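These notes concern the structure reproduced below.
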Amino acid sequence: MSLKYIASKAVEESAEIAIEKTLGIKNKDLKTVRAIAETGAAAGAAVSAATGLSVAATSGAGITSGLAAAGGVVGGGMAAAPGVLAAGPAYAGAKIMNETLFKDQLDLSQEERQARAAARTATNIGAAAGVAGAGAVTVAAGASGAAIMTTLAGIGGVVGGGAIAGTAIVAAAPVAAAAAIGYGIYKLFGGGK
């Protein structure tokens with residue numbers, strides 16, 4: 001073991017002890033807090049990507065150009081943009097949850113290990129379904145530029161925004177779907193007892 005590794009572990013353990021004493025968060029709960037923060041960061045990446053790529057200008061033409069460029073990455077044009085924007089954060093969110101909250105550990109009960117295994121599978125399925133859903137919801141009213149912009153503006157209107165907010169919501173939704181489905185399956189299989 002290198003001195004650098006030992007020093008980094010000592011700093012990490014000191015930080016965990018300080019958090020436990022100051023905030024009353026125990027080490028096992030700290031993993032959950034960390035996973036939630038990292039998953040939130042993945043959702044934030046989706047919002048950032050969606051708004052960054054679609055805000056070439058805040059006009060309808062600028063937004064559609066940004067969406068067409070994002071969807072063009074996979075040859076799908078504007079209709080594929082929300083799915084493209086959601087794919088990276090959905091993958092990252094599922095991976096973070098599976099490697100922290102639902103991580104397999106040999107010292108756990110068999111029931112807990114099985115619940116976590118089921119949750120890992122469900123999280124991955126939830127992320128994939130969320131990405132597919134992001135693409136499908138965008139073209140639900142039609143695949144024309146006007147129909148896509150109307151759909152995104154309607155979704156964004158729920159939070160008082162327009163098409164830009166709608167794009168961000170659609171891009172971030174798969175992370176939420178992965179978390180909800182994974183946790184639901186975890187509890188259904190008896191996890192956390």
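In the structure tokens, each chain is lettered A, B, ... as it comes, each chain's residues begin at 1, and ligands are numbered from 1 in order of appearance.
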Near A:Glu111, counting only C-alpha atoms, which residues have an atom at most 10 Å away, once you skip same-chain residues fewer than 3 positions from it, shown as a VMD selection string? chain A and resid 108 114 to 117 189 to 193
Those selected residues, please, written with N, CA and C atoms and delivered as an mmCIF file, in the first residue's frame.
data_model
loop_
_atom_site.group_PDB
_atom_site.id
_atom_site.type_symbol
_atom_site.label_atom_id
_atom_site.label_comp_id
_atom_site.auth_asym_id
_atom_site.auth_seq_id
_atom_site.Cartn_x
_atom_site.Cartn_y
_atom_site.Cartn_z
ATOM 1 N N LEU A 108 -24.181 -9.823 3.906
ATOM 2 C CA LEU A 108 -25.612 -9.577 4.064
ATOM 3 C C LEU A 108 -26.388 -10.887 4.072
ATOM 4 N N GLN A 114 -30.645 -11.117 -2.394
ATOM 5 C CA GLN A 114 -31.577 -11.363 -3.494
ATOM 6 C C GLN A 114 -32.384 -10.112 -3.833
ATOM 7 N N ALA A 115 -32.785 -9.371 -2.803
ATOM 8 C CA ALA A 115 -33.526 -8.130 -3.033
ATOM 9 C C ALA A 115 -32.664 -7.127 -3.784
ATOM 10 N N ARG A 116 -31.399 -7.032 -3.416
ATOM 11 C CA ARG A 116 -30.493 -6.117 -4.105
ATOM 12 C C ARG A 116 -30.232 -6.558 -5.547
ATOM 13 N N ALA A 117 -30.110 -7.851 -5.765
ATOM 14 C CA ALA A 117 -29.907 -8.352 -7.130
ATOM 15 C C ALA A 117 -31.118 -8.010 -8.007
ATOM 16 N N PHE A 189 -39.096 -7.304 -2.817
ATOM 17 C CA PHE A 189 -38.359 -8.522 -2.550
ATOM 18 C C PHE A 189 -37.851 -8.612 -1.110
ATOM 19 N N GLY A 190 -38.315 -7.705 -0.252
ATOM 20 C CA GLY A 190 -37.984 -7.782 1.166
ATOM 21 C C GLY A 190 -36.701 -7.100 1.559
ATOM 22 N N GLY A 191 -36.203 -6.197 0.746
ATOM 23 C CA GLY A 191 -34.960 -5.492 1.077
ATOM 24 C C GLY A 191 -35.156 -4.480 2.196
ATOM 25 N N GLY A 192 -34.098 -4.252 2.935
ATOM 26 C CA GLY A 192 -34.096 -3.232 3.981
ATOM 27 C C GLY A 192 -34.709 -3.657 5.295
ATOM 28 N N LYS A 193 -34.931 -4.952 5.493
ATOM 29 C CA LYS A 193 -35.529 -5.409 6.746
ATOM 30 C C LYS A 193 -34.517 -5.453 7.846
#
Need to verify the contact set: A:Gly162, 12 Å, only C-alpha atoms, exclusion of same-chain residues closer than 2 positions in sequence. Can you return it as an MDAnalysis selection string? chainID A and resid 51 54:55 58:60 63 149:160 164:169
A:Ala143 surroundings by only C-alpha atoms, 12 Å radius, close-in-sequence under 6 positions cut, as a list in words: Gly76, Gly77, Met78, Ala79, Ala80, Ala81, Gly135, Ala136, Val137, Met149, Thr150 and Thr151 of chain A
Among listed residues A:Ala92, A:Lys103, A:Gly145, A:Asn98, nearest A:Ser65 (using only C-alpha atoms):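 For A:Ser65, the nearest of the given residues is A:Gly145.
Distance check against A:Tyr183 using only C-alpha atoms: of A:Ile148, A:Ala132, A:Ala94, A:Val139, the minimum falls on A:Ala94.
Among A:Ala90, A:Ala68, A:Leu188, A:Val84, the residue with the shortest atom-to-atom distance to A:Ala127, counting only C-alpha atoms, is A:Ala90.
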Using Å and a single decimal, report how far atom CA of A:Ala172 sits from atom CA of A:Tyr186.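 Computing the Euclidean distance for atom CA of A:Tyr186 and atom CA of A:Ala172 yields 21.8 Å.
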